[in-house]
file run.pdb (PDB, C-alpha atoms)
ATOM      1  CA  MET A1456     -22.373 -21.864   7.581
ATOM      2  CA  HIS A1457     -20.761 -24.467   9.851
ATOM      3  CA  LEU A1458     -17.062 -24.486  10.729
ATOM      4  CA  GLN A1459     -16.955 -28.292  10.719
ATOM      5  CA  ASP A1460     -17.456 -28.207   6.934
ATOM      6  CA  PHE A1461     -13.918 -26.833   6.616
ATOM      7  CA  ASP A1462     -12.195 -29.493   8.678
ATOM      8  CA  TYR A1463      -9.753 -32.096   7.386
ATOM      9  CA  HIS A1464      -7.227 -34.437   8.986
ATOM     10  CA  LEU A1465      -3.742 -32.917   9.063
ATOM     11  CA  PRO A1466      -1.200 -35.470  10.326
ATOM     12  CA  GLU A1467       1.800 -34.209  12.285
ATOM     13  CA  ARG A1468       4.170 -35.651   9.690
ATOM     14  CA  ALA A1469       2.731 -33.295   7.048
ATOM     15  CA  ILE A1470       3.589 -30.115   8.977
ATOM     16  CA  ALA A1471       6.870 -28.741   7.621
ATOM     17  CA  GLN A1472       9.445 -28.210  10.367
ATOM     18  CA  GLN A1473      12.231 -26.785   8.212
ATOM     19  CA  PRO A1474      12.218 -24.496   5.160
ATOM     20  CA  TRP A1475      12.962 -25.966   1.742
ATOM     21  CA  VAL A1476      16.422 -25.093   0.434
ATOM     22  CA  PRO A1477      16.650 -23.596  -2.113
ATOM     23  CA  ARG A1478      13.368 -21.779  -1.564
ATOM     24  CA  ASP A1479      12.013 -22.124  -5.099
ATOM     25  CA  GLN A1480      12.464 -25.904  -5.377
ATOM     26  CA  CYS A1481       9.551 -26.883  -3.140
ATOM     27  CA  LYS A1482       6.473 -28.577  -4.548
ATOM     28  CA  MET A1483       3.681 -26.543  -6.128
ATOM     29  CA  LEU A1484       0.166 -27.837  -6.693
ATOM     30  CA  VAL A1485      -1.587 -26.022  -9.533
ATOM     31  CA  LEU A1486      -5.381 -25.836  -9.449
ATOM     32  CA  HIS A1487      -6.342 -24.872 -12.991
ATOM     33  CA  GLN A1488      -8.504 -27.053 -15.209
ATOM     34  CA  GLY A1489      -7.725 -29.946 -12.921
ATOM     35  CA  ILE A1490      -4.893 -30.616 -10.468
ATOM     36  CA  HIS A1491      -1.275 -30.531 -11.623
ATOM     37  CA  HIS A1492       1.930 -31.177  -9.675
ATOM     38  CA  ARG A1493       4.993 -29.051 -10.329
ATOM     39  CA  ILE A1494       7.833 -27.348  -8.462
ATOM     40  CA  PHE A1495       7.689 -23.691  -7.485
ATOM     41  CA  SER A1496      10.225 -22.450 -10.041
ATOM     42  CA  ASP A1497       7.814 -23.744 -12.715
ATOM     43  CA  LEU A1498       5.740 -20.669 -11.892
ATOM     44  CA  VAL A1499       7.422 -19.096 -14.925
ATOM     45  CA  ASP A1500       5.418 -21.534 -17.105
ATOM     46  CA  TYR A1501       2.106 -20.252 -15.743
ATOM     47  CA  LEU A1502       2.679 -16.492 -15.776
ATOM     48  CA  GLN A1503       2.897 -14.518 -18.969
ATOM     49  CA  ASP A1504       3.829 -11.128 -20.386
ATOM     50  CA  GLY A1505       1.501  -8.501 -18.912
ATOM     51  CA  ASP A1506       0.474 -10.409 -15.796
ATOM     52  CA  VAL A1507       0.692  -8.503 -12.501
ATOM     53  CA  LEU A1508       2.011 -10.372  -9.471
ATOM     54  CA  VAL A1509       1.020  -8.584  -6.244
ATOM     55  CA  ILE A1510       3.303  -9.158  -3.243
ATOM     56  CA  ASN A1511       3.106  -8.181   0.432
ATOM     57  CA  ASP A1512       6.402  -6.497   1.359
ATOM     58  CA  THR A1513       5.828  -6.488   5.117
ATOM     59  CA  ARG A1514       8.764  -7.498   7.290
ATOM     60  CA  VAL A1515       8.457  -9.740  10.354
ATOM     61  CA  ARG A1516       9.879  -8.109  13.440
ATOM     62  CA  HIS A1517      12.295 -10.018  15.682
ATOM     63  CA  ALA A1518       9.794  -9.523  18.465
ATOM     64  CA  ARG A1519       9.911 -12.706  20.539
ATOM     65  CA  LEU A1520      11.562 -12.026  23.890
ATOM     66  CA  HIS A1521      12.564 -14.486  26.598
ATOM     67  CA  ALA A1522      12.387 -13.221  30.162
ATOM     68  CA  HIS A1523      12.298 -14.359  33.770
ATOM     69  CA  LYS A1524      10.641 -13.233  36.989
ATOM     70  CA  ASP A1525      12.309 -12.681  40.357
ATOM     71  CA  THR A1526      11.125 -16.142  41.343
ATOM     72  CA  GLY A1527      12.982 -17.634  38.387
ATOM     73  CA  GLY A1528       9.800 -18.412  36.488
ATOM     74  CA  LYS A1529      10.277 -18.256  32.722
ATOM     75  CA  LEU A1530       8.254 -16.012  30.431
ATOM     76  CA  GLU A1531       8.003 -15.607  26.679
ATOM     77  CA  LEU A1532       6.693 -12.365  25.215
ATOM     78  CA  LEU A1533       5.611 -11.704  21.644
ATOM     79  CA  VAL A1534       5.511  -7.957  21.076
ATOM     80  CA  LEU A1535       2.502  -7.062  18.908
ATOM     81  CA  ASP A1536       2.652  -3.266  18.775
ATOM     82  CA  LYS A1537       3.402  -0.077  20.666
ATOM     83  CA  SER A1538       0.887   2.616  21.521
ATOM     84  CA  GLU A1539       1.072   5.622  23.837
ATOM     85  CA  GLY A1540       4.490   4.488  25.041
ATOM     86  CA  PHE A1541       3.398   1.001  26.101
ATOM     87  CA  TYR A1542       3.636  -2.396  24.407
ATOM     88  CA  THR A1543       0.879  -4.884  23.729
ATOM     89  CA  CYS A1544       2.279  -8.410  24.086
ATOM     90  CA  LEU A1545       1.168 -11.998  24.070
ATOM     91  CA  VAL A1546       2.699 -13.538  27.183
ATOM     92  CA  ARG A1547       3.333 -17.225  27.783
ATOM     93  CA  GLY A1548       3.827 -17.931  31.479
ATOM     94  CA  LYS A1549       2.106 -16.930  34.702
ATOM     95  CA  VAL A1550       1.788 -13.181  35.121
ATOM     96  CA  ARG A1551      -0.654 -10.735  36.657
ATOM     97  CA  ARG A1552      -0.969  -6.995  36.933
ATOM     98  CA  GLY A1553       2.198  -5.714  38.599
ATOM     99  CA  THR A1554       4.434  -8.666  37.638
ATOM    100  CA  VAL A1555       8.041  -7.525  37.175
ATOM    101  CA  PHE A1556      10.343  -9.374  34.778
ATOM    102  CA  TYR A1557      13.843  -9.133  33.303
ATOM    103  CA  LEU A1558      14.976  -9.908  29.774
ATOM    104  CA  ASP A1559      17.216 -12.947  29.408
ATOM    105  CA  ALA A1560      19.123 -11.245  26.577
ATOM    106  CA  ASP A1561      19.742  -8.160  28.730
ATOM    107  CA  PRO A1562      18.981  -8.657  32.455
ATOM    108  CA  ALA A1563      19.506  -4.937  33.083
ATOM    109  CA  VAL A1564      16.217  -4.320  31.228
ATOM    110  CA  GLN A1565      13.229  -4.524  33.572
ATOM    111  CA  GLY A1566       9.631  -4.701  32.412
ATOM    112  CA  THR A1567       6.304  -4.525  34.223
ATOM    113  CA  VAL A1568       2.898  -5.957  33.364
ATOM    114  CA  LEU A1569       0.400  -3.080  33.641
ATOM    115  CA  ALA A1570      -2.771  -4.919  32.635
ATOM    116  CA  LYS A1571      -3.807  -8.390  31.553
ATOM    117  CA  ASN A1572      -6.643  -9.587  29.339
ATOM    118  CA  GLY A1573      -6.389 -13.330  28.773
ATOM    119  CA  GLY A1574      -2.952 -14.039  27.321
ATOM    120  CA  GLN A1575      -2.609 -10.472  26.044
ATOM    121  CA  CYS A1576      -0.903  -7.916  28.281
ATOM    122  CA  ARG A1577      -0.101  -4.234  28.334
ATOM    123  CA  VAL A1578       3.556  -3.959  29.251
ATOM    124  CA  GLU A1579       5.924  -1.200  30.275
ATOM    125  CA  LEU A1580       9.340  -1.824  28.731
ATOM    126  CA  PRO A1581      12.094   0.846  28.554
ATOM    127  CA  LEU A1582      13.098  -0.012  24.977
ATOM    128  CA  SER A1583      12.353   1.381  21.540
ATOM    129  CA  MET A1584      10.984  -1.021  18.925
ATOM    130  CA  GLU A1585      14.419  -1.024  17.299
ATOM    131  CA  GLU A1586      15.976  -2.077  20.616
ATOM    132  CA  VAL A1587      13.341  -4.797  21.019
ATOM    133  CA  GLU A1588      14.356  -6.195  17.621
ATOM    134  CA  GLN A1589      18.044  -6.120  18.564
ATOM    135  CA  ARG A1590      17.297  -8.367  21.550
ATOM    136  CA  GLY A1591      14.448 -10.393  20.076
ATOM    137  CA  GLU A1592      14.113 -13.546  18.016
ATOM    138  CA  MET A1593      12.141 -14.386  14.890
ATOM    139  CA  PRO A1594       8.662 -15.456  16.103
ATOM    140  CA  LEU A1595       8.238 -18.820  14.406
ATOM    141  CA  PRO A1596       4.770 -20.431  14.657
ATOM    142  CA  SER A1597       4.169 -22.732  17.609
ATOM    143  CA  TYR A1598       3.619 -25.771  15.368
ATOM    144  CA  ILE A1599       7.276 -25.602  14.297
ATOM    145  CA  ARG A1600       8.580 -27.721  17.155
ATOM    146  CA  GLU A1601      11.973 -28.771  15.841
ATOM    147  CA  GLU A1602      14.980 -26.715  16.872
ATOM    148  CA  VAL A1603      15.681 -24.061  14.248
ATOM    149  CA  ASP A1604      18.952 -22.119  14.312
ATOM    150  CA  ARG A1605      19.042 -18.349  13.833
ATOM    151  CA  GLU A1606      20.199 -18.548  10.211
ATOM    152  CA  THR A1607      17.427 -20.992   9.286
ATOM    153  CA  ALA A1608      14.862 -18.882  11.143
ATOM    154  CA  GLN A1609      15.755 -16.001   8.815
ATOM    155  CA  MET A1610      14.121 -17.991   6.018
ATOM    156  CA  TYR A1611      10.833 -17.138   7.749
ATOM    157  CA  GLN A1612      11.229 -13.775   6.015
ATOM    158  CA  THR A1613      10.540 -13.059   2.359
ATOM    159  CA  THR A1614      13.520 -11.986   0.281
ATOM    160  CA  TYR A1615      11.664  -8.777  -0.580
ATOM    161  CA  ALA A1616      10.563  -7.857   2.967
ATOM    162  CA  ARG A1617      10.854  -4.108   3.511
ATOM    163  CA  GLU A1618       8.251  -2.522   5.798
ATOM    164  CA  ALA A1619       8.619  -3.664   9.428
ATOM    165  CA  GLY A1620       5.434  -4.412  11.318
ATOM    166  CA  SER A1621       4.345  -8.067  11.161
ATOM    167  CA  VAL A1622       4.324 -10.698  13.881
ATOM    168  CA  ALA A1623       4.080 -13.489  11.291
ATOM    169  CA  ALA A1624       5.264 -13.927   7.726
ATOM    170  CA  PRO A1625       3.109 -13.714   4.596
ATOM    171  CA  THR A1626       4.177 -17.283   3.952
ATOM    172  CA  ALA A1627       3.214 -17.676   0.291
ATOM    173  CA  GLY A1628       6.035 -15.255  -0.482
ATOM    174  CA  LEU A1629       8.692 -17.350   1.255
ATOM    175  CA  HIS A1630       9.252 -19.419  -1.898
ATOM    176  CA  PHE A1631      10.532 -16.547  -4.050
ATOM    177  CA  THR A1632      14.227 -16.019  -4.703
ATOM    178  CA  PRO A1633      15.627 -12.779  -6.171
ATOM    179  CA  ARG A1634      16.636 -14.759  -9.243
ATOM    180  CA  LEU A1635      13.114 -16.104  -9.805
ATOM    181  CA  LEU A1636      11.644 -12.606  -9.466
ATOM    182  CA  GLU A1637      14.148 -11.284 -12.001
ATOM    183  CA  THR A1638      13.259 -14.115 -14.385
ATOM    184  CA  LEU A1639       9.590 -13.202 -14.105
ATOM    185  CA  ARG A1640      10.305  -9.525 -14.709
ATOM    186  CA  GLY A1641      12.381 -10.500 -17.752
ATOM    187  CA  ARG A1642       9.333 -12.274 -19.153
ATOM    188  CA  GLY A1643       7.194  -9.183 -18.789
ATOM    189  CA  VAL A1644       5.507  -9.969 -15.466
ATOM    190  CA  ALA A1645       4.991  -6.831 -13.371
ATOM    191  CA  ILE A1646       5.746  -7.111  -9.625
ATOM    192  CA  ALA A1647       3.457  -4.799  -7.645
ATOM    193  CA  PRO A1648       4.118  -4.404  -3.888
ATOM    194  CA  LEU A1649       1.664  -3.487  -1.169
ATOM    195  CA  THR A1650       1.886  -3.739   2.606
ATOM    196  CA  LEU A1651      -0.334  -5.523   5.101
ATOM    197  CA  HIS A1652       1.171  -5.998   8.534
ATOM    198  CA  VAL A1653       0.171  -9.479   9.613
ATOM    199  CA  GLY A1654      -1.263  -9.510  13.121
ATOM    200  CA  MET A1655      -2.536 -12.263  15.342
ATOM    201  CA  GLY A1656      -6.016 -11.852  13.826
ATOM    202  CA  THR A1657      -4.946 -13.762  10.720
ATOM    203  CA  PHE A1658      -4.120 -16.801  12.865
ATOM    204  CA  MET A1659      -6.576 -16.603  15.743
ATOM    205  CA  PRO A1660      -8.755 -19.740  15.761
ATOM    206  CA  ILE A1661     -12.420 -19.496  14.872
ATOM    207  CA  ARG A1662     -14.143 -20.435  18.124
ATOM    208  CA  SER A1663     -17.773 -20.195  17.044
ATOM    209  CA  PRO A1664     -19.313 -23.217  15.281
ATOM    210  CA  ARG A1665     -21.078 -20.712  13.015
ATOM    211  CA  ILE A1666     -18.533 -18.997  10.782
ATOM    212  CA  GLU A1667     -20.560 -15.815  10.440
ATOM    213  CA  GLU A1668     -20.117 -15.041  14.155
ATOM    214  CA  HIS A1669     -16.312 -14.806  13.970
ATOM    215  CA  GLN A1670     -14.740 -11.337  14.258
ATOM    216  CA  MET A1671     -11.333 -10.534  12.756
ATOM    217  CA  GLU A1672      -8.816  -8.314  14.526
ATOM    218  CA  PRO A1673      -7.878  -5.227  12.445
ATOM    219  CA  GLU A1674      -4.605  -5.198  10.497
ATOM    220  CA  TYR A1675      -2.906  -2.176   8.933
ATOM    221  CA  TYR A1676      -2.511  -2.029   5.155
ATOM    222  CA  GLN A1677      -1.125   0.440   2.645
ATOM    223  CA  ILE A1678      -1.361   0.505  -1.162
ATOM    224  CA  SER A1679       0.692   2.987  -3.166
ATOM    225  CA  GLU A1680      -0.453   5.060  -6.131
ATOM    226  CA  ASP A1681       1.946   3.118  -8.378
ATOM    227  CA  THR A1682       0.523  -0.263  -7.365
ATOM    228  CA  ALA A1683      -3.089   0.884  -7.677
ATOM    229  CA  ARG A1684      -2.326   2.319 -11.126
ATOM    230  CA  ALA A1685      -0.639  -0.899 -12.283
ATOM    231  CA  LEU A1686      -3.612  -2.983 -11.130
ATOM    232  CA  ASN A1687      -6.234  -0.741 -12.667
ATOM    233  CA  GLN A1688      -4.366  -0.586 -15.973
ATOM    234  CA  ALA A1689      -4.255  -4.390 -15.971
ATOM    235  CA  VAL A1690      -8.033  -4.460 -15.516
ATOM    236  CA  GLN A1691      -8.588  -2.026 -18.389
ATOM    237  CA  GLN A1692      -6.305  -4.035 -20.680
ATOM    238  CA  GLY A1693      -7.724  -7.433 -19.725
ATOM    239  CA  ARG A1694      -4.522  -8.685 -18.100
ATOM    240  CA  ARG A1695      -4.336 -11.088 -15.153
ATOM    241  CA  VAL A1696      -3.736 -10.154 -11.517
ATOM    242  CA  ILE A1697      -2.306 -12.848  -9.207
ATOM    243  CA  ALA A1698      -2.055 -12.200  -5.456
ATOM    244  CA  VAL A1699       0.789 -13.769  -3.482
ATOM    245  CA  GLY A1700      -0.831 -14.886  -0.237
ATOM    246  CA  THR A1701      -4.100 -14.440   1.581
ATOM    247  CA  THR A1702      -2.824 -11.298   3.308
ATOM    248  CA  THR A1703      -2.348  -9.682  -0.103
ATOM    249  CA  VAL A1704      -5.881 -10.712  -1.039
ATOM    250  CA  LYS A1705      -7.209  -9.118   2.143
ATOM    251  CA  ALA A1706      -5.427  -5.827   1.427
ATOM    252  CA  LEU A1707      -6.686  -5.713  -2.156
ATOM    253  CA  GLU A1708     -10.244  -6.527  -1.166
ATOM    254  CA  SER A1709     -10.144  -3.868   1.535
ATOM    255  CA  ALA A1710      -9.215  -1.201  -1.022
ATOM    256  CA  ALA A1711     -11.258  -2.289  -4.039
ATOM    257  CA  SER A1712     -14.680  -1.656  -5.487
ATOM    258  CA  ARG A1713     -16.175  -2.938  -8.740
ATOM    259  CA  GLY A1714     -12.858  -4.373  -9.906
ATOM    260  CA  LEU A1715     -10.749  -1.257  -9.304
ATOM    261  CA  VAL A1716      -8.272  -0.592  -6.496
ATOM    262  CA  THR A1717      -7.897   2.713  -4.650
ATOM    263  CA  ALA A1718      -4.531   3.785  -3.261
ATOM    264  CA  GLY A1719      -4.441   4.567   0.420
ATOM    265  CA  GLN A1720      -4.003   3.148   3.884
ATOM    266  CA  GLY A1721      -6.176   1.968   6.704
ATOM    267  CA  TRP A1722      -7.134  -0.841   9.050
ATOM    268  CA  SER A1723      -8.934  -3.910   7.787
ATOM    269  CA  ASN A1724     -10.969  -6.433   9.773
ATOM    270  CA  LEU A1725     -12.301  -8.017   6.593
ATOM    271  CA  PHE A1726     -13.294 -11.680   6.978
ATOM    272  CA  ILE A1727     -13.522 -13.544   3.674
ATOM    273  CA  TYR A1728     -15.362 -16.870   3.626
ATOM    274  CA  PRO A1729     -17.518 -18.755   1.090
ATOM    275  CA  GLY A1730     -20.344 -16.612  -0.186
ATOM    276  CA  TYR A1731     -18.160 -13.495  -0.229
ATOM    277  CA  ARG A1732     -18.359 -11.496  -3.480
ATOM    278  CA  PHE A1733     -14.881 -10.454  -4.587
ATOM    279  CA  ARG A1734     -14.541  -6.811  -5.616
ATOM    280  CA  SER A1735     -10.850  -6.598  -6.565
ATOM    281  CA  PRO A1736      -9.448  -7.577 -10.000
ATOM    282  CA  LEU A1737      -8.001 -10.897  -8.785
ATOM    283  CA  THR A1738      -7.773 -13.734 -11.288
ATOM    284  CA  GLY A1739      -5.444 -15.959  -9.292
ATOM    285  CA  ILE A1740      -3.960 -16.631  -5.866
ATOM    286  CA  LEU A1741      -0.612 -18.132  -4.937
ATOM    287  CA  THR A1742      -0.852 -19.530  -1.429
ATOM    288  CA  ASN A1743       0.345 -22.208   0.981
ATOM    289  CA  PHE A1744      -1.594 -25.088   2.542
ATOM    290  CA  HIS A1745      -3.434 -23.869   5.638
ATOM    291  CA  LEU A1746      -4.631 -25.253   8.953
ATOM    292  CA  PRO A1747      -8.051 -26.905   9.162
ATOM    293  CA  ARG A1748     -10.860 -24.537  10.197
ATOM    294  CA  SER A1749      -8.634 -21.474   9.702
ATOM    295  CA  THR A1750      -9.464 -18.081   8.220
ATOM    296  CA  PRO A1751      -6.849 -18.417   5.413
ATOM    297  CA  LEU A1752      -8.389 -21.764   4.421
ATOM    298  CA  LEU A1753     -11.841 -20.184   4.302
ATOM    299  CA  LEU A1754     -10.520 -17.376   2.099
ATOM    300  CA  THR A1755      -9.096 -19.819  -0.450
ATOM    301  CA  CYS A1756     -12.379 -21.743  -0.397
ATOM    302  CA  ALA A1757     -14.243 -18.484  -1.037
ATOM    303  CA  PHE A1758     -12.115 -17.937  -4.142
ATOM    304  CA  ALA A1759     -11.940 -21.439  -5.596
ATOM    305  CA  GLY A1760     -14.782 -23.349  -3.919
ATOM    306  CA  ARG A1761     -14.795 -25.578  -0.862
ATOM    307  CA  GLU A1762     -14.932 -28.912  -2.702
ATOM    308  CA  PRO A1763     -12.096 -28.152  -5.199
ATOM    309  CA  ILE A1764      -9.845 -26.882  -2.391
ATOM    310  CA  LEU A1765     -10.442 -29.794  -0.022
ATOM    311  CA  ARG A1766     -10.044 -32.260  -2.899
ATOM    312  CA  ALA A1767      -6.704 -30.613  -3.773
ATOM    313  CA  TYR A1768      -5.649 -30.744  -0.104
ATOM    314  CA  GLY A1769      -6.464 -34.444   0.009
ATOM    315  CA  GLU A1770      -4.376 -35.164  -3.072
ATOM    316  CA  ALA A1771      -1.521 -33.046  -1.714
ATOM    317  CA  LEU A1772      -1.493 -35.090   1.510
ATOM    318  CA  ASP A1773      -1.515 -38.340  -0.463
ATOM    319  CA  ARG A1774       1.492 -37.120  -2.467
ATOM    320  CA  GLY A1775       3.540 -36.046   0.513
ATOM    321  CA  TYR A1776       3.237 -32.289   0.252
ATOM    322  CA  ARG A1777       4.474 -30.264   3.225
ATOM    323  CA  PHE A1778       1.874 -28.032   4.892
ATOM    324  CA  LEU A1779       1.777 -24.664   6.702
ATOM    325  CA  SER A1780       4.410 -21.906   6.950
ATOM    326  CA  PHE A1781       7.547 -23.753   5.812
ATOM    327  CA  GLY A1782       5.515 -25.993   3.526
ATOM    328  CA  ASP A1783       4.792 -26.222  -0.185
ATOM    329  CA  ALA A1784       2.815 -23.900  -2.446
ATOM    330  CA  MET A1785      -0.490 -23.887  -4.277
ATOM    331  CA  LEU A1786      -1.320 -21.831  -7.369
ATOM    332  CA  ILE A1787      -5.011 -21.182  -8.062
ATOM    333  CA  LEU A1788      -5.677 -19.676 -11.494
ATOM    334  CA  GLU A1789      -8.819 -18.480 -13.207
ATOM    335  CA  GLY A1790     -11.072 -21.415 -13.901
ATOM    336  CA  GLY A1791     -10.799 -22.582 -10.290
ATOM    337  CA  ARG A1792     -12.767 -19.577  -9.059
ATOM    338  CA  VAL A1793     -16.496 -19.996  -8.341
TER     339      VAL A1793
END
call {"tool": "encode", "arguments": {"input": "run.pdb", "output": "structure tokens"}}
result
Amino acid sequence: MHLQDFDYHLPERAIAQQPWVPRDQCKMLVLHQGIHHRIFSDLVDYLQDGDVLVINDTRVRHARLHAHKDTGGKLELLVLDKSEGFYTCLVRGKVRRGTVFYLDADPAVQGTVLAKNGGQCRVELPLSMEEVEQRGEMPLPSYIREEVDRETAQMYQTTYAREAGSVAAPTAGLHFTPRLLETLRGRGVAIAPLTLHVGMGTFMPIRSPRIEEHQMEPEYYQISEDTARALNQAVQQGRRVIAVGTTTVKALESAASRGLVTAGQGWSNLFIYPGYRFRSPLTGILTNFHLPRSTPLLLTCAFAGREPILRAYGEALDRGYRFLSFGDAMLILEGGRV
């Protein structure tokens, strides 16, 4: 399967640079027995009593650090994780093994690059993860080029974020307000949380022209007994299961077999692209509009078909939808799935 088949022209003007305020008033394209154009709060018209809405409750860490070298050269570090007392970071700026740097937010804190592999480095930094977050910023995607103040940057966090561990937001969930969730619960929609900590693997570009050769980086997920029970009861009773975001889909698919979900935790490097046979009880996906040639785009095409998705993307562009993290939403319901 060729990567070029999942390309489309995304003009700069279509990439959202600011979040929509209020969150739930953005546009929502509905792919279900055709293409329909609504606003996100209209989600209440498409979900019904007994449906299960599965959300990813991961929280994005404030893990972007600005630093400088003795020479004055500027660095930017994105802290990915901590293991054996050392941090793994993506580093923007010229460094090598042995480079010493100082945090701009706290010049008394000195770090050292211990090893380098491409743009990824192993770093010694005398801070706990909690102290990193106190000094760090929200790591907004690089395609958000407009200046975003700290308060606005906080909208790159879902209102239900709980479990810290992600370097990027599960962006389909950014549109929910507490009030909208309460309205859904009042109509009998069950909200089932799981956790998948979004790593760089979700956003790493596919470099091989043949999709099958791409390898995903592992990401940690956890599904509770309560969530697994709610999903499996929905299957037994013939009720719908709608996943909020491709990260939620990945977690469910990593823990499912023959339509049932098993509680537990682990690391998933699952890569979902057209031809994949879904094994979880999904009947719908709520997602955003993704980059061309990206793994989230391929996942949505695997669920709903390449031609319906790209046709919907084309219509969304014609109608002025906003794409990517701060952009508009897309609801794919049963009937779109191939």
call {"tool": "resolve_selection", "arguments": {"input": "run.pdb", "expression": "the PyMOL selection byres ((chain A and resi 1583) around 12)", "output": "PDB file with C-alpha atoms, in the frame of the given file"}}
result
ATOM      1  CA  ALA A1518       9.794  -9.523  18.465  1.00  0.00           C
ATOM      2  CA  VAL A1534       5.511  -7.957  21.076  1.00  0.00           C
ATOM      3  CA  ASP A1536       2.652  -3.266  18.775  1.00  0.00           C
ATOM      4  CA  LYS A1537       3.402  -0.077  20.666  1.00  0.00           C
ATOM      5  CA  SER A1538       0.887   2.616  21.521  1.00  0.00           C
ATOM      6  CA  GLY A1540       4.490   4.488  25.041  1.00  0.00           C
ATOM      7  CA  PHE A1541       3.398   1.001  26.101  1.00  0.00           C
ATOM      8  CA  TYR A1542       3.636  -2.396  24.407  1.00  0.00           C
ATOM      9  CA  VAL A1564      16.217  -4.320  31.228  1.00  0.00           C
ATOM     10  CA  GLU A1579       5.924  -1.200  30.275  1.00  0.00           C
ATOM     11  CA  LEU A1580       9.340  -1.824  28.731  1.00  0.00           C
ATOM     12  CA  PRO A1581      12.094   0.846  28.554  1.00  0.00           C
ATOM     13  CA  LEU A1582      13.098  -0.012  24.977  1.00  0.00           C
ATOM     14  CA  MET A1584      10.984  -1.021  18.925  1.00  0.00           C
ATOM     15  CA  GLU A1585      14.419  -1.024  17.299  1.00  0.00           C
ATOM     16  CA  GLU A1586      15.976  -2.077  20.616  1.00  0.00           C
ATOM     17  CA  VAL A1587      13.341  -4.797  21.019  1.00  0.00           C
ATOM     18  CA  GLU A1588      14.356  -6.195  17.621  1.00  0.00           C
ATOM     19  CA  GLN A1589      18.044  -6.120  18.564  1.00  0.00           C
ATOM     20  CA  ARG A1590      17.297  -8.367  21.550  1.00  0.00           C
TER      21      ARG A1590
END
call {"tool": "resolve_selection", "arguments": {"input": "run.pdb", "expression": "the PyMOL selection byres ((chain A and resi 1764) around 12)", "output": "PyMOL selection string"}}
result
chain A and resi 1461-1463+1484-1487+1489-1490+1729+1742-1745+1747+1751-1763+1765-1771+1785-1787+1791-1793
call {"tool": "resolve_selection", "arguments": {"input": "run.pdb", "expression": "the PyMOL selection byres ((chain A and resi 1702) around 9)", "output": "list in words"}}
result
Asn1511, Pro1625, Thr1650, Leu1651, His1652, Val1653, Thr1657, Ala1698, Val1699, Gly1700, Thr1701, Thr1703, Val1704, Lys1705, Ala1706, Leu1707 and Pro1751 of chain A
call {"tool": "residues_around", "arguments": {"input": "run.pdb", "residues": "A:Tyr1501", "least_positions_apart": "5", "cutoff": "12 Å", "atoms": "all atoms listed in the file", "output": "MDAnalysis selection string"}}
result
chainID A and resid 1483:1487 1491 1493:1496 1506 1508 1639 1642 1644 1695 1697 1739 1741 1786:1789
call {"tool": "residues_around", "arguments": {"input": "run.pdb", "residues": "stretch 1712-1714 of chain A", "least_positions_apart": "4", "cutoff": "10 Å", "atoms": "all atoms listed in the file", "output": "number ranges by chain"}}
result
A: 1686-1687, 1690-1691, 1707-1708, 1733-1737
call {"tool": "write_last_selection", "arguments": {"input": "run.pdb", "atoms": "C-alpha atoms", "output": "tab-separated table (two decimals), keeping the file's coordinate frame"}}
result
chain	number	residue	atom	x	y	z
A	1686	LEU	CA	-3.61	-2.98	-11.13
A	1687	ASN	CA	-6.23	-0.74	-12.67
A	1690	VAL	CA	-8.03	-4.46	-15.52
A	1691	GLN	CA	-8.59	-2.03	-18.39
A	1707	LEU	CA	-6.69	-5.71	-2.16
A	1708	GLU	CA	-10.24	-6.53	-1.17
A	1733	PHE	CA	-14.88	-10.45	-4.59
A	1734	ARG	CA	-14.54	-6.81	-5.62
A	1735	SER	CA	-10.85	-6.60	-6.56
A	1736	PRO	CA	-9.45	-7.58	-10.00
A	1737	LEU	CA	-8.00	-10.90	-8.78
call {"tool": "closest_residue", "arguments": {"input": "run.pdb", "among": "A:Thr1543, A:Gln1670, A:Asn1724, A:Gln1459", "to": "A:Gln1575", "atoms": "all atoms listed in the file"}}
result
A:Thr1543
call {"tool": "closest_residue", "arguments": {"input": "run.pdb", "among": "A:Asp1783, A:Glu1637, A:Glu1667, A:Asp1525", "to": "A:Tyr1731", "atoms": "all atoms listed in the file"}}
result
A:Glu1667
call {"tool": "atom_distance", "arguments": {"input": "run.pdb", "atom1": "atom CA of A:Thr1567", "atom2": "atom CA of A:Arg1514"}}
result
27.2 Å
call {"tool": "closest_residue", "arguments": {"input": "run.pdb", "among": "A:Leu1715, A:Leu1746, A:Ala1685, A:Leu1530", "to": "A:Ala1645", "atoms": "only C-alpha atoms"}}
result
A:Ala1685
call {"tool": "atom_distance", "arguments": {"input": "run.pdb", "atom1": "atom CA of A:Ala1710", "atom2": "atom CA of A:Arg1694"}}
result
19.2 Å
call {"tool": "residues_around", "arguments": {"input": "run.pdb", "residues": "A:Arg1519", "least_positions_apart": "2", "cutoff": "7 Å", "atoms": "all atoms listed in the file", "output": "list of chain:residue names"}}
result
A:His1517, A:His1521, A:Leu1532, A:Leu1533, A:Val1534, A:Gly1591, A:Glu1592, A:Met1593, A:Pro1594
call {"tool": "atom_distance", "arguments": {"input": "run.pdb", "atom1": "atom CA of A:Arg1665", "atom2": "atom CA of A:Leu1725"}}
result
16.7 Å
call {"tool": "residues_near_point", "arguments": {"input": "run.pdb", "point": "(6.5, -30.6, 1.2)", "cutoff": "8 Å", "atoms": "all atoms listed in the file", "output": "list in words"}}
result
Ala1469, Ala1471, Trp1475, Cys1481, Lys1482, Gly1775, Tyr1776, Arg1777, Phe1778, Gly1782 and Asp1783 of chain A
call {"tool": "residues_around", "arguments": {"input": "run.pdb", "residues": "stretch 1595-1610 of chain A", "least_positions_apart": "4", "cutoff": "10 Å", "atoms": "all atoms listed in the file", "output": "NGL selection string"}}
result
:A and (1467 or 1470-1476 or 1478 or 1515 or 1517 or 1519 or 1614 or 1622-1624 or 1629-1630 or 1658 or 1779-1781)
